[in-house]
>>> print(open('work-v5.cif').read())   # mmCIF, C-alpha atoms
data_entry
#
loop_
_atom_site.label_atom_id
_atom_site.label_comp_id
_atom_site.auth_asym_id
_atom_site.auth_seq_id
_atom_site.Cartn_x
_atom_site.Cartn_y
_atom_site.Cartn_z
CA MET A 72 0.00 0.00 0.00
CA GLY A 73 1.33 3.36 -0.96
CA HIS A 74 1.23 6.63 0.92
CA SER A 75 -1.75 7.94 -1.01
CA GLU A 76 -3.81 4.84 -0.22
CA LEU A 77 -2.91 5.10 3.47
CA LEU A 78 -3.86 8.75 3.42
CA ILE A 79 -7.24 7.94 1.84
CA LEU A 80 -7.81 5.16 4.38
CA ALA A 81 -6.90 7.45 7.31
CA THR A 82 -9.20 10.17 5.96
CA ALA A 83 -12.05 7.66 5.62
CA ILE A 84 -11.53 6.50 9.23
CA VAL A 85 -11.53 10.10 10.49
CA VAL A 86 -14.70 10.93 8.52
CA PHE A 87 -16.41 7.79 9.84
CA ALA A 88 -15.35 8.61 13.40
CA VAL A 89 -16.64 12.20 13.12
CA PHE A 90 -19.93 10.93 11.67
CA THR A 91 -20.29 8.37 14.49
CA LEU A 92 -19.50 10.97 17.17
CA SER A 93 -22.02 13.38 15.63
CA LEU A 94 -24.75 10.73 15.79
CA THR A 95 -23.85 9.90 19.39
CA GLU A 96 -23.91 13.58 20.35
CA MET A 97 -27.32 13.98 18.69
CA GLN A 98 -28.73 10.98 20.59
CA LEU A 99 -27.37 12.30 23.90
CA SER A 100 -28.82 15.72 23.18
CA ILE A 101 -32.24 14.20 22.46
CA SER A 102 -32.05 12.13 25.67
CA ARG A 103 -31.04 15.19 27.71
CA ASN A 104 -33.91 17.23 26.24
CA ASN A 105 -36.37 14.41 27.00
CA ILE A 106 -35.20 14.22 30.61
CA GLU A 107 -35.33 18.02 31.01
CA ASN A 108 -38.88 18.05 29.60
CA LYS A 109 -39.93 15.31 32.02
CA ILE A 110 -38.41 17.23 34.91
CA GLU A 111 -40.17 20.45 33.89
CA ASN A 112 -43.49 18.64 33.44
CA TYR A 113 -43.06 17.06 36.87
CA MET A 114 -42.49 20.46 38.48
CA ILE A 115 -45.54 21.92 36.69
CA ALA A 116 -47.66 19.02 37.93
CA GLU A 117 -46.42 19.60 41.48
CA ALA A 118 -47.41 23.28 41.33
CA GLN A 119 -50.83 22.48 39.90
CA SER A 120 -51.34 19.82 42.56
CA PHE A 121 -50.44 22.38 45.23
CA LEU A 122 -53.03 24.83 43.87
CA GLU A 123 -55.66 22.08 43.72
CA LYS A 124 -54.92 21.34 47.37
CA LEU A 125 -55.68 25.00 48.14
CA GLU A 126 -58.85 24.90 46.05
CA ILE A 127 -60.56 22.52 48.49
CA LYS A 128 -59.65 24.54 51.58
CA LYS A 129 -61.94 27.07 53.22
CA PHE A 130 -61.44 30.71 52.34
CA ASP A 131 -60.85 31.52 55.98
CA ALA A 132 -61.12 29.44 59.12
CA ARG A 133 -59.77 31.73 61.80
CA LEU A 134 -60.33 30.54 65.34
CA ASN A 135 -62.18 32.57 67.94
CA ASP A 136 -60.23 34.14 70.82
CA ASP A 137 -61.04 31.09 72.99
CA ASN A 138 -59.64 28.78 70.23
CA SER A 139 -63.11 27.55 69.30
CA ILE A 140 -64.11 27.27 65.64
CA PRO A 141 -66.44 30.10 64.55
CA THR A 142 -69.91 29.05 63.47
CA GLY A 143 -69.70 31.16 60.33
CA LEU A 144 -67.75 33.95 58.79
CA VAL A 145 -69.09 37.44 59.09
CA PHE A 146 -67.25 39.74 56.76
CA PRO A 147 -64.97 41.52 57.57
CA ASP A 148 -64.52 40.95 61.30
CA SER A 149 -63.73 37.25 61.12
CA LEU A 150 -61.27 37.38 58.23
CA THR A 151 -57.63 36.81 59.05
CA PRO A 152 -55.76 40.10 59.51
CA ILE A 153 -53.11 40.78 56.88
CA ASP A 154 -50.24 40.50 59.35
CA SER A 155 -51.51 37.08 60.52
CA LEU A 156 -51.52 35.31 57.16
CA GLY A 157 -49.75 32.00 57.57
CA ILE A 158 -50.09 28.85 59.64
CA ASP A 159 -52.39 29.16 62.65
CA ILE A 160 -51.36 28.40 66.22
CA ASP A 161 -53.18 25.05 65.99
CA GLY A 162 -50.75 23.95 63.24
CA LEU A 163 -53.56 22.79 60.95
CA TYR A 164 -53.73 23.69 57.31
CA ASP A 165 -57.47 24.35 57.37
CA ASP A 166 -57.73 27.42 55.16
CA ILE A 167 -55.97 29.03 52.23
CA ASP A 168 -53.77 31.52 54.05
CA ASP A 169 -52.24 28.79 56.24
CA TYR A 170 -50.06 27.92 53.25
CA MET A 171 -48.40 31.35 53.26
CA GLY A 172 -44.66 30.76 53.32
CA VAL A 173 -44.87 26.98 52.89
CA PHE A 174 -41.60 25.87 51.40
CA ALA A 175 -40.53 22.49 50.04
CA ASP A 176 -37.15 21.39 48.76
CA GLU A 177 -37.51 18.27 46.65
CA ARG A 178 -35.54 15.87 44.48
CA ILE A 179 -36.96 14.30 41.36
CA SER A 180 -36.87 10.61 40.54
CA ILE A 181 -38.18 9.61 37.10
CA ASN A 182 -38.58 5.93 36.21
CA GLY A 183 -36.66 4.95 39.32
CA ILE A 184 -33.65 7.10 38.45
CA ASP A 185 -32.80 9.90 40.86
CA TYR A 186 -31.62 12.85 38.76
CA TYR A 187 -30.57 14.85 41.83
CA THR A 188 -32.52 17.72 40.41
CA GLU A 189 -33.31 19.91 43.34
CA TYR A 190 -36.18 22.33 43.07
CA GLU A 191 -38.00 24.54 45.50
CA ILE A 192 -41.72 25.17 45.82
CA GLU A 193 -42.77 28.26 47.71
CA CYS A 194 -46.29 29.53 48.32
CA LYS A 195 -47.27 33.14 48.90
CA VAL A 196 -50.81 34.10 49.86
CA TYR A 197 -52.10 37.66 50.04
CA TYR A 198 -55.26 39.69 49.80
CA VAL A 199 -56.05 41.38 46.50
CA ASN A 200 -58.59 43.95 45.37
CA ASN A 201 -61.08 43.59 42.51
CA ASN A 202 -58.31 44.38 40.01
CA LEU A 203 -56.29 41.47 41.48
CA ASP A 204 -53.68 43.93 42.70
CA SER A 205 -52.17 43.60 46.17
CA ALA A 206 -50.60 47.06 46.26
CA GLY A 207 -52.03 49.31 48.94
CA ILE A 208 -54.16 46.63 50.61
CA ILE A 209 -54.28 47.53 54.32
CA SER A 210 -57.25 45.43 55.44
CA PRO A 211 -58.67 42.00 54.51
CA THR A 212 -60.68 41.76 51.31
CA VAL A 213 -62.99 39.11 49.88
CA LYS A 214 -60.28 37.82 47.52
CA LYS A 215 -57.02 36.04 48.22
CA LYS A 216 -54.38 35.24 45.66
CA ALA A 217 -51.99 32.32 45.99
CA ASP A 218 -48.73 32.25 44.04
CA VAL A 219 -46.90 28.94 43.82
CA ILE A 220 -43.32 29.62 42.79
CA ILE A 221 -41.00 26.92 41.51
CA LYS A 222 -37.26 27.53 41.42
CA SER A 223 -34.66 25.18 39.93
CA ASP A 224 -31.26 25.36 38.30
CA HIS A 225 -32.81 23.58 35.30
CA LEU A 226 -35.22 26.42 34.61
CA ASN A 227 -34.25 29.58 32.81
CA ASN A 228 -36.74 31.55 34.94
CA ASP A 229 -38.80 30.80 38.01
CA MET A 230 -42.24 29.38 37.20
CA ILE A 231 -45.12 31.15 38.94
CA PHE A 232 -48.60 29.67 39.04
CA SER A 233 -51.39 31.78 40.52
CA ARG A 234 -54.99 31.33 41.48
CA VAL A 235 -57.47 33.77 42.99
CA PHE A 236 -59.90 32.56 45.62
CA SER A 237 -63.07 34.42 46.51
CA PHE A 238 -65.01 34.55 49.77
CA TYR A 239 -68.27 34.31 47.84
#
>>> encode(input="work-v5.cif", output="structure tokens")
Amino acid sequence: MGHSELLILATAIVVFAVFTLSLTEMQLSISRNNIENKIENYMIAEAQSFLEKLEIKKFDARLNDDNSIPTGLVFPDSLTPIDSLGIDIDGLYDDIDDYMGVFADERISINGIDYYTEYEIECKVYYVNNNLDSAGIISPTVKKKADVIIKSDHLNNDMIFSRVFSFY
């Protein structure tokens, strides 16, 4: 075999190797995108599940001064004051605002594989006016808004899911 034939053979091997590596890189990229999509869908489902959990809670279940459960809400005296939004003394999650500040730090496992993808779920609950704006609210209103915020290194931006709950 002459030098030119060896050069052609070496070039063919290099071209084949580059082609094979390109295919492998493409398959890995597709697999990575599939896993990232599954992770993102999982986080979205968690946020929606969290909001559904709030949906079945009472608008407000503030206890009386003697820690007894009120017989009914009489607006606005029995609504939770703005500075008291959050878990009640009893430690029960019995109304929407009890979830204020709830924070979870989770890891995702898909198909039995732990991807060590850490993400955070945070809930913020606040009163809003008829325009769904919380600015300038100084007393309880008949509407509460819950924001479920998901943070992860795998997301370009935080995901925020919101729902408005009405007293009526």
>>> residues_around(input="work-v5.cif", residues="A:Gly172", least_positions_apart="5", cutoff="10 Å", atoms="only C-alpha atoms", output="compact mmCIF listing (two decimals) with C-alpha atoms, in the frame of the given file")
# COMPACT_ATOMS: atom_id res chain seq x y z
CA LEU A 156 -51.52 35.31 57.16
CA GLY A 157 -49.75 32.00 57.57
CA ILE A 158 -50.09 28.85 59.64
CA ILE A 192 -41.72 25.17 45.82
CA GLU A 193 -42.77 28.26 47.71
CA CYS A 194 -46.29 29.53 48.32
CA LYS A 195 -47.27 33.14 48.90
CA VAL A 196 -50.81 34.10 49.86
CA VAL A 219 -46.90 28.94 43.82
>>> resolve_selection(input="work-v5.cif", expression="the PyMOL selection byres ((chain A and resi 203) around 9)", output="number ranges by chain")
A: 198-202, 204-205, 214-216, 235
>>> closest_residue(input="work-v5.cif", among="A:Leu94, A:Leu78, A:Ala175, A:Ile101", to="A:Met114", atoms="only C-alpha atoms")
A:Ala175
>>> atom_distance(input="work-v5.cif", atom1="atom CA of A:Ala217", atom2="atom CA of A:Asp229")
15.5 Å
>>> closest_residue(input="work-v5.cif", among="A:Asp168, A:Glu117, A:Glu191, A:Glu123", to="A:Ile153", atoms="all atoms listed in the file")
A:Asp168
>>> atom_distance(input="work-v5.cif", atom1="atom CA of A:Ala116", atom2="atom CA of A:Val173")
17.2 Å
>>> resolve_selection(input="work-v5.cif", expression="the PyMOL selection byres ((chain A and resi 107) around 12)", output="ChimeraX atom specification")
/A:100-106,108-114,179,181,186,188,223-227
>>> atom_distance(input="work-v5.cif", atom1="atom CA of A:Ile79", atom2="atom CA of A:Glu96")
25.5 Å
>>> closest_residue(input="work-v5.cif", among="A:Glu189, A:Asp218, A:Asp176, A:Ala81", to="A:Ile231", atoms="all atoms listed in the file")
A:Asp218
>>> resolve_selection(input="work-v5.cif", expression="the PyMOL selection byres ((chain A and resi 164) around 12)", output="list in words")
Lys124, Leu125, Ile127, Lys128, Lys129, Phe130, Asp131, Ala132, Arg133, Leu156, Gly157, Ile158, Asp159, Ile160, Asp161, Gly162, Leu163, Asp165, Asp166, Ile167, Asp168, Asp169, Tyr170, Met171 and Val173 of chain A
